[in-house]
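See below for query_21.cif, which holds mmCIF, C-alpha atoms and all ligand atoms.
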```cif
data_work
loop_
_atom_site.label_atom_id
_atom_site.label_comp_id
_atom_site.auth_asym_id
_atom_site.auth_seq_id
_atom_site.Cartn_x
_atom_site.Cartn_y
_atom_site.Cartn_z
CA MET A 139 11.59 -12.39 -24.14
CA ARG A 140 10.01 -9.77 -21.94
CA ILE A 141 9.62 -10.03 -18.19
CA THR A 142 7.14 -7.95 -16.22
CA VAL A 143 7.71 -7.79 -12.49
CA LEU A 144 4.18 -8.10 -11.12
CA GLY A 145 5.13 -8.35 -7.45
CA SER A 146 8.59 -7.64 -6.05
CA ALA A 147 7.94 -8.10 -2.31
CA ALA A 148 8.28 -11.22 -0.20
CA GLY A 149 5.37 -12.78 1.68
CA GLY A 150 3.35 -10.05 3.44
CA GLY A 151 4.02 -7.42 0.75
CA PHE A 152 5.15 -3.88 1.45
CA PRO A 153 3.83 -2.34 3.61
CA GLN A 154 2.66 -5.46 5.43
CA TRP A 155 -0.86 -5.06 6.85
CA ASN A 156 0.10 -5.40 10.53
CA CYS A 157 3.66 -4.07 10.45
CA ASN A 158 5.01 -0.84 11.82
CA CYS A 159 8.70 -1.42 11.23
CA ARG A 160 10.68 1.61 10.02
CA ASN A 161 9.99 0.78 6.38
CA CYS A 162 6.28 -0.09 6.67
CA ALA A 163 5.47 2.90 8.89
CA GLY A 164 7.68 5.14 6.74
CA VAL A 165 6.11 4.22 3.39
CA ARG A 166 2.59 4.61 4.87
CA ALA A 167 3.38 8.04 6.29
CA GLY A 168 5.42 9.14 3.27
CA THR A 169 8.43 9.87 5.50
CA ILE A 170 10.84 7.60 3.61
CA LYS A 171 11.46 7.42 -0.13
CA ALA A 172 10.10 3.95 -0.94
CA LYS A 173 7.54 2.32 -3.21
CA ALA A 174 4.81 -0.05 -2.06
CA ARG A 175 5.12 -3.54 -3.50
CA THR A 176 2.86 -6.55 -3.95
CA GLN A 177 3.84 -10.17 -3.34
CA SER A 178 6.28 -12.14 -5.44
CA SER A 179 5.39 -12.85 -9.07
CA ILE A 180 6.68 -12.27 -12.60
CA PHE A 181 5.12 -12.64 -16.06
CA VAL A 182 7.31 -13.97 -18.87
CA ALA A 183 6.28 -13.71 -22.51
CA PRO A 184 7.94 -13.80 -25.92
CA ASP A 185 8.62 -10.43 -27.60
CA ASP A 186 6.19 -11.25 -30.38
CA GLY A 187 3.16 -12.64 -28.53
CA ALA A 188 0.58 -11.58 -25.95
CA ASP A 189 0.41 -14.88 -24.08
CA GLY A 190 2.94 -15.72 -21.41
CA VAL A 191 3.64 -17.62 -18.23
CA LEU A 192 2.77 -16.42 -14.75
CA PHE A 193 5.57 -17.36 -12.38
CA ASN A 194 3.92 -17.82 -8.98
CA ALA A 195 0.31 -17.00 -8.26
CA SER A 196 0.50 -14.36 -5.57
CA PRO A 197 -2.36 -13.54 -3.19
CA ASP A 198 -2.18 -10.13 -4.93
CA VAL A 199 -2.66 -11.54 -8.44
CA LEU A 200 -5.98 -9.78 -9.10
CA GLN A 201 -4.47 -6.40 -8.23
CA GLN A 202 -1.42 -7.25 -10.35
CA ILE A 203 -3.61 -8.13 -13.35
CA ARG A 204 -5.57 -4.87 -12.95
CA SER A 205 -2.36 -2.84 -12.94
CA THR A 206 -0.95 -4.63 -16.00
CA PRO A 207 -3.22 -4.00 -19.02
CA ALA A 208 -1.14 -6.38 -21.21
CA LEU A 209 -2.42 -9.29 -19.10
CA GLN A 210 -5.96 -8.64 -20.45
CA PRO A 211 -5.72 -8.66 -24.26
CA ALA A 212 -9.57 -8.86 -24.55
CA ARG A 213 -9.69 -11.18 -27.55
CA ALA A 214 -12.83 -12.93 -26.32
CA VAL A 215 -15.59 -12.42 -23.77
CA ARG A 216 -13.47 -14.37 -21.28
CA ASP A 217 -9.73 -13.97 -21.88
CA SER A 218 -6.32 -13.65 -20.26
CA ALA A 219 -2.71 -13.45 -21.41
CA ILE A 220 -1.86 -15.93 -18.64
CA ALA A 221 -1.48 -19.14 -20.62
CA ALA A 222 0.01 -21.16 -17.76
CA VAL A 223 1.30 -20.88 -14.20
CA VAL A 224 4.72 -22.09 -13.06
CA LEU A 225 5.40 -22.38 -9.32
CA MET A 226 8.82 -21.93 -7.73
CA ASP A 227 7.62 -23.40 -4.43
CA GLY A 228 4.36 -24.04 -2.61
CA GLN A 229 4.58 -21.15 -0.14
CA VAL A 230 1.52 -19.03 0.61
CA ASP A 231 2.91 -15.99 -1.23
CA HIS A 232 3.46 -18.04 -4.39
CA ALA A 233 0.47 -20.38 -4.49
CA THR A 234 -2.66 -18.97 -2.88
CA GLY A 235 -3.36 -16.73 -5.90
CA LEU A 236 -4.34 -19.93 -7.73
CA PHE A 237 -7.72 -19.61 -6.02
CA MET A 238 -8.21 -16.26 -7.74
CA LEU A 239 -7.85 -17.86 -11.19
CA ARG A 240 -10.69 -20.34 -10.60
CA GLU A 241 -13.11 -18.80 -13.12
CA ARG A 242 -11.16 -20.17 -16.10
CA ARG A 243 -13.33 -22.06 -18.58
CA SER A 244 -10.79 -24.91 -18.86
CA PRO A 245 -8.35 -26.53 -16.43
CA LEU A 246 -5.47 -24.21 -15.54
CA PRO A 247 -2.17 -25.38 -17.05
CA LEU A 248 0.06 -25.61 -13.96
CA TRP A 249 3.73 -26.55 -13.87
CA CYS A 250 5.29 -27.50 -10.54
CA THR A 251 7.55 -30.14 -9.04
CA ASP A 252 6.18 -33.32 -7.45
CA PRO A 253 6.89 -32.23 -3.83
CA VAL A 254 5.09 -28.92 -4.46
CA ALA A 255 2.11 -30.72 -6.06
CA GLU A 256 2.01 -32.99 -3.01
CA ASP A 257 2.10 -30.06 -0.56
CA LEU A 258 -0.66 -28.35 -2.52
CA THR A 259 -2.76 -31.51 -2.38
CA GLN A 260 -2.09 -32.54 1.25
CA GLY A 261 -0.73 -29.81 3.57
CA ASN A 262 -2.57 -26.97 1.83
CA PRO A 263 -5.02 -28.68 -0.54
CA ILE A 264 -5.39 -25.82 -3.05
CA LEU A 265 -5.30 -28.20 -6.02
CA ARG A 266 -8.09 -30.34 -4.55
CA VAL A 267 -10.23 -27.27 -3.90
CA LEU A 268 -9.58 -25.98 -7.44
CA GLY A 269 -10.89 -29.32 -8.68
CA HIS A 270 -14.34 -28.00 -7.73
CA TYR A 271 -13.84 -25.00 -10.03
CA CYS A 272 -11.72 -24.97 -13.21
CA GLY A 273 -9.38 -27.75 -12.10
CA VAL A 274 -5.73 -27.90 -13.01
CA ASP A 275 -3.92 -29.48 -15.91
CA ARG A 276 -0.78 -30.29 -13.98
CA HIS A 277 2.61 -30.85 -15.60
CA ALA A 278 5.52 -32.16 -13.54
CA ILE A 279 8.70 -30.08 -13.61
CA ALA A 280 11.70 -32.37 -13.92
CA LEU A 281 14.76 -31.76 -11.78
CA ASP A 282 17.29 -33.40 -14.08
CA GLY A 283 18.07 -30.19 -15.94
CA SER A 284 16.01 -31.12 -18.98
CA ALA A 285 14.39 -28.26 -20.87
CA PHE A 286 10.65 -27.89 -21.27
CA GLU A 287 8.38 -25.60 -23.22
CA VAL A 288 4.96 -24.32 -22.36
CA PRO A 289 2.41 -24.84 -25.16
CA GLY A 290 1.43 -21.51 -26.72
CA ILE A 291 4.64 -19.78 -25.57
CA ALA A 292 6.86 -19.86 -28.59
CA HIS A 293 10.62 -20.21 -28.51
CA ILE A 294 11.23 -19.85 -24.75
CA GLU A 295 12.74 -22.87 -23.08
CA PHE A 296 12.71 -23.42 -19.33
CA ARG A 297 15.10 -25.46 -17.23
CA ALA A 298 14.56 -25.96 -13.50
CA LEU A 299 17.25 -26.25 -10.88
CA PRO A 300 16.53 -27.62 -7.38
CA LEU A 301 17.51 -25.08 -4.71
CA ASP A 302 18.34 -25.24 -1.04
CA SER A 303 15.63 -23.11 0.51
CA LYS A 304 12.54 -24.09 2.50
CA ALA A 305 9.19 -25.75 1.93
CA ALA A 306 6.14 -23.98 3.36
CA PRO A 307 5.45 -24.30 7.11
CA TYR A 308 2.45 -26.57 6.38
CA SER A 309 4.57 -28.98 4.38
CA PRO A 310 4.84 -32.37 6.10
CA HIS A 311 8.59 -32.16 5.42
CA ARG A 312 9.28 -28.51 6.30
CA GLU A 313 12.28 -29.57 8.40
CA ARG A 314 13.30 -32.43 6.09
CA PRO A 315 13.94 -30.77 2.75
CA VAL A 316 13.50 -32.77 -0.45
CA ALA A 317 14.77 -31.85 -3.90
CA GLY A 318 12.11 -29.80 -5.65
CA ASP A 319 10.67 -28.02 -2.59
CA ASN A 320 12.11 -24.87 -4.18
CA ILE A 321 13.44 -24.36 -7.65
CA GLY A 322 15.24 -21.74 -9.68
CA MET A 323 14.50 -21.34 -13.39
CA LEU A 324 16.83 -20.74 -16.26
CA MET A 325 14.87 -19.41 -19.23
CA ARG A 326 16.28 -18.92 -22.67
CA ASP A 327 14.72 -17.21 -25.64
CA ARG A 328 15.79 -19.26 -28.63
CA ALA A 329 14.96 -16.35 -30.98
CA SER A 330 17.27 -13.82 -29.30
CA GLY A 331 19.58 -16.27 -27.52
CA ARG A 332 19.14 -14.22 -24.33
CA SER A 333 18.66 -15.92 -20.97
CA VAL A 334 17.53 -15.17 -17.43
CA PHE A 335 17.97 -17.01 -14.13
CA TYR A 336 15.08 -16.50 -11.70
CA ALA A 337 15.25 -17.63 -8.07
CA PRO A 338 13.09 -15.65 -5.62
CA GLY A 339 13.85 -18.03 -2.73
CA LEU A 340 17.46 -19.14 -2.54
CA GLY A 341 19.17 -20.28 0.64
CA GLN A 342 22.55 -21.30 -0.65
CA ILE A 343 24.61 -20.79 -3.78
CA THR A 344 25.85 -24.25 -4.70
CA PRO A 345 28.24 -24.75 -7.63
CA ALA A 346 25.26 -25.71 -9.86
CA VAL A 347 23.38 -22.56 -8.90
CA PHE A 348 26.39 -20.35 -9.52
CA GLU A 349 26.93 -21.99 -12.89
CA ALA A 350 23.32 -21.24 -13.86
CA MET A 351 23.70 -17.63 -12.68
CA ALA A 352 26.98 -17.21 -14.53
CA CYS A 353 25.60 -18.40 -17.87
CA ALA A 354 22.55 -16.08 -17.78
CA ASP A 355 22.48 -12.57 -19.26
CA CYS A 356 20.35 -11.44 -16.34
CA VAL A 357 19.76 -12.78 -12.82
CA LEU A 358 16.66 -12.09 -10.73
CA VAL A 359 17.54 -13.49 -7.32
CA ASP A 360 16.48 -13.64 -3.68
CA GLY A 361 16.46 -10.15 -2.18
CA THR A 362 14.49 -11.05 0.96
CA PHE A 363 16.84 -9.90 3.72
CA TRP A 364 19.85 -7.63 4.01
CA THR A 365 21.22 -9.28 7.16
CA ASP A 366 20.87 -12.81 8.48
CA ASP A 367 19.51 -11.57 11.83
CA GLU A 368 17.18 -8.92 10.38
CA MET A 369 13.98 -10.34 11.88
CA PRO A 370 15.38 -11.35 15.32
CA ARG A 371 17.09 -7.94 15.66
CA LEU A 372 13.76 -6.16 15.12
CA GLY A 373 12.10 -8.53 17.58
CA LEU A 374 9.78 -9.77 14.81
CA SER A 375 10.78 -13.43 14.71
CA ALA A 376 13.26 -15.78 16.34
CA LYS A 377 14.26 -17.11 12.94
CA THR A 378 17.20 -15.91 10.88
CA ALA A 379 17.14 -15.44 7.10
CA ARG A 380 19.07 -18.68 6.61
CA ASP A 381 16.69 -20.53 8.99
CA ILE A 382 13.84 -19.84 6.60
CA GLY A 383 15.80 -20.52 3.43
CA HIS A 384 16.95 -17.08 2.31
CA LEU A 385 20.57 -16.07 1.75
CA PRO A 386 21.04 -12.51 3.08
CA GLN A 387 22.68 -9.92 0.85
CA SER A 388 25.34 -8.59 3.23
CA GLY A 389 28.13 -10.26 5.14
CA PRO A 390 30.54 -13.09 4.39
CA GLY A 391 29.16 -15.52 1.83
CA GLY A 392 26.16 -13.23 1.27
CA MET A 393 24.44 -12.60 -2.06
CA LEU A 394 26.47 -9.48 -2.85
CA GLU A 395 29.72 -11.42 -2.76
CA TRP A 396 28.31 -13.94 -5.21
CA LEU A 397 26.88 -11.29 -7.52
CA ALA A 398 30.29 -9.59 -7.62
CA ARG A 399 31.77 -12.77 -9.13
CA LEU A 400 29.45 -12.80 -12.13
CA PRO A 401 30.68 -11.63 -15.53
CA ALA A 402 30.74 -7.81 -15.78
CA THR A 403 28.00 -7.88 -18.43
CA THR A 404 25.43 -9.74 -16.29
CA ARG A 405 22.44 -7.66 -15.25
CA ARG A 406 21.82 -8.22 -11.52
CA LEU A 407 18.45 -7.66 -9.87
CA LEU A 408 17.07 -8.47 -6.44
CA ILE A 409 13.47 -9.63 -6.13
CA HIS A 410 11.20 -11.00 -3.34
CA ILE A 411 12.19 -8.24 -0.92
CA ASN A 412 10.95 -8.44 2.64
CA ASN A 413 9.32 -5.33 4.10
CA THR A 414 12.04 -5.10 6.77
CA ASN A 415 14.89 -4.89 4.23
CA PRO A 416 16.65 -1.48 4.40
CA ILE A 417 17.22 -1.54 0.60
CA LEU A 418 13.54 -0.59 0.18
CA ASP A 419 14.45 2.89 1.46
CA GLU A 420 15.88 4.52 -1.67
CA ASP A 421 17.93 6.93 0.47
CA SER A 422 19.49 4.23 2.67
CA PRO A 423 23.24 3.53 2.79
CA GLU A 424 22.44 -0.11 1.94
CA ARG A 425 20.72 1.01 -1.27
CA ALA A 426 23.73 3.17 -2.11
CA GLU A 427 25.96 0.14 -1.60
CA LEU A 428 23.85 -1.82 -4.10
CA ALA A 429 24.09 1.01 -6.62
CA ARG A 430 27.89 1.01 -6.30
CA ALA A 431 27.88 -2.75 -6.85
CA GLY A 432 25.67 -2.42 -9.95
CA VAL A 433 22.79 -4.31 -8.34
CA GLU A 434 19.22 -3.20 -9.08
CA VAL A 435 16.17 -3.57 -6.84
CA CYS A 436 13.03 -4.81 -8.59
CA GLU A 437 9.85 -2.83 -8.27
CA ASP A 438 6.31 -3.66 -9.32
CA GLY A 439 5.57 -2.89 -12.96
CA MET A 440 9.22 -3.05 -14.01
CA GLN A 441 9.80 -4.36 -17.53
CA ILE A 442 12.95 -6.35 -18.17
CA ARG A 443 14.19 -7.20 -21.64
CA PRO A 444 17.26 -9.31 -21.04
C1 LIG B 1 9.18 -16.99 2.25
O1 LIG B 1 9.61 -17.04 1.11
O2 LIG B 1 9.86 -17.32 3.25
C2 LIG B 1 7.77 -16.49 2.32
O3 LIG B 1 7.68 -15.22 1.75
C3 LIG B 1 7.03 -16.77 3.54
C4 LIG B 1 5.56 -16.42 3.43
O4 LIG B 1 4.97 -16.34 2.35
O5 LIG B 1 4.96 -16.22 4.46
MN MN B 2 8.17 -16.19 -0.27
ZN ZN B 3 7.46 -4.00 8.05
#
```
Transcribe the structure of this file into structure tokens.
Ligand code: MLT
Ligand code: MN
Ligand code: ZN
Amino acid sequence: MRITVLGSAAGGGFPQWNCNCRNCAGVRAGTIKAKARTQSSIFVAPDDGADGVLFNASPDVLQQIRSTPALQPARAVRDSAIAAVVLMDGQVDHATGLFMLRERRSPLPLWCTDPVAEDLTQGNPILRVLGHYCGVDRHAIALDGSAFEVPGIAHIEFRALPLDSKAAPYSPHRERPVAGDNIGMLMRDRASGRSVFYAPGLGQITPAVFEAMACADCVLVDGTFWTDDEMPRLGLSAKTARDIGHLPQSGPGGMLEWLARLPATTRRLLIHINNTNPILDEDSPERAELARAGVEVCEDGMQIRP
């Protein structure tokens, strides 16, 4: 299995269009050592095939496809290596890129949970709008831990895990979470036996989540915020990381404590990084702390072979 990180930033990207925080201003001016990043998405494909699964359709998907030649294998006059899309939630940064895939000649194979399909039909009716273009061939993701495969993607099995995080602000149940608003995905390559746990939005590490993380060879988990009060402290929002469904990395019960409990052989990577997060500055003390803890920070274009 090969994973290409298409977009490693959280909603807004890095730098964010209207932001002049230390990171955004610094990366624009070239005064900090940091790389620009597009919004949250990965591409997962078997080692021996061109076609794969797009996890999340980011508003930046067209730019991501242009920067990733492998996504355009050019086998026909209209072609793409994106055989299907799997959504981890229905948030803007993960779903609005679906509009950009509307020129498909056949309905887009789309895997998402029932609450996400409902949000994308009611609150933000992307799926209804797409019905006027290519349409979607929607498959429900089960939450009972059963494995599924995506047709055309050989020997990779996927298993979803409901997560405590947050539905999108337009969801009719934003403040009344239901199972399946957000999921994590355990993927296993039956050919190599290697596995990955992917969870770009993760508010709480429950025993089931930790078990999934601990059995994977590689974890790609929520790297949105360093501190719980990152946004309020900068005066950018009244909401804390936990308020919007993201477990911060630092502090008691934070992501770094959990990552430290994984087996020594587990590869640990943070993904879905908000533009305010000090770890984006490669010279920051926070980044040095991650390096000491053996935790990597995803960047766009990164290839991961678990
Ligand atoms: C989130 O995960 O909280 C999002 O990145 C929010 C957004 O897309 O605006
Ligand atoms: Mn997001
Ligand atoms: Zn910023």
Listed atoms of stretch 176-193 of chain A boxed along x, y and z, 4 Å each side, centre and edge lengths in Å, one decimal, as lines of an AutoDock Vina configuration file:
```
center_x = 4.5
center_y = -12.1
center_z = -16.9
size_x = 16.2
size_y = 19.1
size_z = 35.0
```
Inset, instruction - Kindly provide, as a list in words, all nucleotide and amino acid residues lying within 8 Å of ligand ZN 3 (chain B), counting all atoms listed in the file. - result: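 Listing the residues within 8 Å of ligand ZN 3 (chain B) gives Phe152, Pro153, Gln154, Asn156, Cys157, Asn158, Cys159, Arg160, Asn161, Cys162, Ala163, Asn412, Asn413 and Thr414 of chain A.
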Legend entry - Exercise: residues within 10 Å of coordinate (19.5, -18.7, -7.4), counting all atoms listed in the file, as a PyMOL selection string: chain A and resi 299-303+321-324+335-344+346-351+357-360+385+393
Inset, instruction - Would you list the contacts of A:Asn194 as a list of chain:residue names, taking every protein, DNA or RNA residue within 8 Å and counting all atoms listed in the file, but skipping same-chain residues closer than 2 positions in sequence? - result: A:Ser178, A:Ser179, A:Ile180, A:Leu192, A:Ser196, A:Val223, A:Val224, A:Leu225, A:Met226, A:His232, A:Ala233, A:Gly235
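With all atoms listed in the file as the atoms that count, the set of residues no farther than 9 Å from ligand MN 2 (chain B) is Ala147, Ala148, Gly149, Gly150, Gln177, Ser178, Asp227, Gln229, Val230, Asp231, His232, Ala306, Pro338, Gly339, Thr362, His410, Ile411 and Asn412 of chain A.
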Legend entry - Nearby residues, (19.5, -9.1, 5.5) file frame, 10 Å, all atoms listed in the file, as a VMD selection string: chain A and resid 361 to 369 378 to 380 384 to 389 392 to 393 411 to 412 414 to 417
Selected residues, C-alpha atoms, written as a PDB file, in the coordinates of the input, please.
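Result file follows (again_9.pdb):
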```pdb
ATOM      1  CA  GLY A 361      16.460 -10.150  -2.180  1.00  0.00           C
ATOM      2  CA  THR A 362      14.490 -11.050   0.960  1.00  0.00           C
ATOM      3  CA  PHE A 363      16.840  -9.900   3.720  1.00  0.00           C
ATOM      4  CA  TRP A 364      19.850  -7.630   4.010  1.00  0.00           C
ATOM      5  CA  THR A 365      21.220  -9.280   7.160  1.00  0.00           C
ATOM      6  CA  ASP A 366      20.870 -12.810   8.480  1.00  0.00           C
ATOM      7  CA  ASP A 367      19.510 -11.570  11.830  1.00  0.00           C
ATOM      8  CA  GLU A 368      17.180  -8.920  10.380  1.00  0.00           C
ATOM      9  CA  MET A 369      13.980 -10.340  11.880  1.00  0.00           C
ATOM     10  CA  THR A 378      17.200 -15.910  10.880  1.00  0.00           C
ATOM     11  CA  ALA A 379      17.140 -15.440   7.100  1.00  0.00           C
ATOM     12  CA  ARG A 380      19.070 -18.680   6.610  1.00  0.00           C
ATOM     13  CA  HIS A 384      16.950 -17.080   2.310  1.00  0.00           C
ATOM     14  CA  LEU A 385      20.570 -16.070   1.750  1.00  0.00           C
ATOM     15  CA  PRO A 386      21.040 -12.510   3.080  1.00  0.00           C
ATOM     16  CA  GLN A 387      22.680  -9.920   0.850  1.00  0.00           C
ATOM     17  CA  SER A 388      25.340  -8.590   3.230  1.00  0.00           C
ATOM     18  CA  GLY A 389      28.130 -10.260   5.140  1.00  0.00           C
ATOM     19  CA  GLY A 392      26.160 -13.230   1.270  1.00  0.00           C
ATOM     20  CA  MET A 393      24.440 -12.600  -2.060  1.00  0.00           C
ATOM     21  CA  ILE A 411      12.190  -8.240  -0.920  1.00  0.00           C
ATOM     22  CA  ASN A 412      10.950  -8.440   2.640  1.00  0.00           C
ATOM     23  CA  THR A 414      12.040  -5.100   6.770  1.00  0.00           C
ATOM     24  CA  ASN A 415      14.890  -4.890   4.230  1.00  0.00           C
ATOM     25  CA  PRO A 416      16.650  -1.480   4.400  1.00  0.00           C
ATOM     26  CA  ILE A 417      17.220  -1.540   0.600  1.00  0.00           C
TER      27      ILE A 417
END
```
Legend entry - Two-atom distance - atom CA of A:Asp257, atom CA of A:Gly151 (Å): 22.8 Å
Inset, instruction - Considering only C-alpha atoms and all ligand atoms, state which residue in the set A:Thr142, A:Ser284, A:Asn320, A:Gln210 is at the smallest distance from ligand LIG 1 (chain B). - result: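 Using only C-alpha atoms and all ligand atoms, the shortest distance to ligand LIG 1 (chain B) belongs to A:Asn320.
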Inset, instruction - Identify, on the basis of only C-alpha atoms, every residue whose closest approach to stretch 269-274 of chain A does not exceed 8 Å; exclude the query and any residue fewer than 4 positions from it along the same chain; express the result as a list of chain:residue names. - result: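 My reading of the contact set: A:Arg240, A:Glu241, A:Arg242, A:Arg243, A:Ser244, A:Pro245, A:Leu246, A:Pro247, A:Leu248, A:Leu265.
Atom CA of A:Thr251 sits 18.3 Å away from atom CA of A:Ala221.
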Inset, instruction - Considering all atoms listed in the file, state which residue in the set A:Val215, A:Met325, A:Ala195, A:Ala354 is at the smallest distance from ligand LIG 1 (chain B). - result: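 Between A:Val215, A:Met325, A:Ala195, A:Ala354, the residue approaching ligand LIG 1 (chain B) most closely is A:Ala195.
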Legend entry - Atomic separation - atom CA of A:Leu372 relative to atom O3 of ligand LIG 1 (chain B), Å: 17.3 Å
For A:Ala280: contacts at 9 Å, all atoms listed in the file, fewer than 4 positions along chain excluded, given as an mmCIF file with C-alpha atoms, in the coordinates of the input:
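Output file out-v7.cif follows:
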```cif
data_model
loop_
_atom_site.group_PDB
_atom_site.id
_atom_site.type_symbol
_atom_site.label_atom_id
_atom_site.label_comp_id
_atom_site.auth_asym_id
_atom_site.auth_seq_id
_atom_site.Cartn_x
_atom_site.Cartn_y
_atom_site.Cartn_z
ATOM 1 C CA CYS A 250 5.290 -27.500 -10.540
ATOM 2 C CA THR A 251 7.550 -30.140 -9.040
ATOM 3 C CA ASP A 252 6.180 -33.320 -7.450
ATOM 4 C CA SER A 284 16.010 -31.120 -18.980
ATOM 5 C CA ALA A 285 14.390 -28.260 -20.870
ATOM 6 C CA PHE A 286 10.650 -27.890 -21.270
ATOM 7 C CA ARG A 297 15.100 -25.460 -17.230
ATOM 8 C CA ALA A 298 14.560 -25.960 -13.500
ATOM 9 C CA LEU A 299 17.250 -26.250 -10.880
ATOM 10 C CA GLY A 318 12.110 -29.800 -5.650
#
```
Inset, instruction - Using only C-alpha atoms and all ligand atoms, pick whichever of A:Lys377, A:His311, A:Arg326, A:Lys304 has the shortest atom-to-atom distance to ligand LIG 1 (chain B). - result: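 Among the listed residues, A:Lys304 lies closest to ligand LIG 1 (chain B).
Of the residues listed (A:Ala305, A:Leu408, A:Ala317, A:Ala402), A:Ala305 shows the shortest atom-to-atom separation from ligand LIG 1 (chain B); distances use only C-alpha atoms and all ligand atoms.
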Legend entry - Proximity to A:Thr206 - best of A:Ile382, A:Leu268, A:Ala219, A:Ala278, only C-alpha atoms: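 Among the listed residues, A:Ala219 lies closest to A:Thr206.
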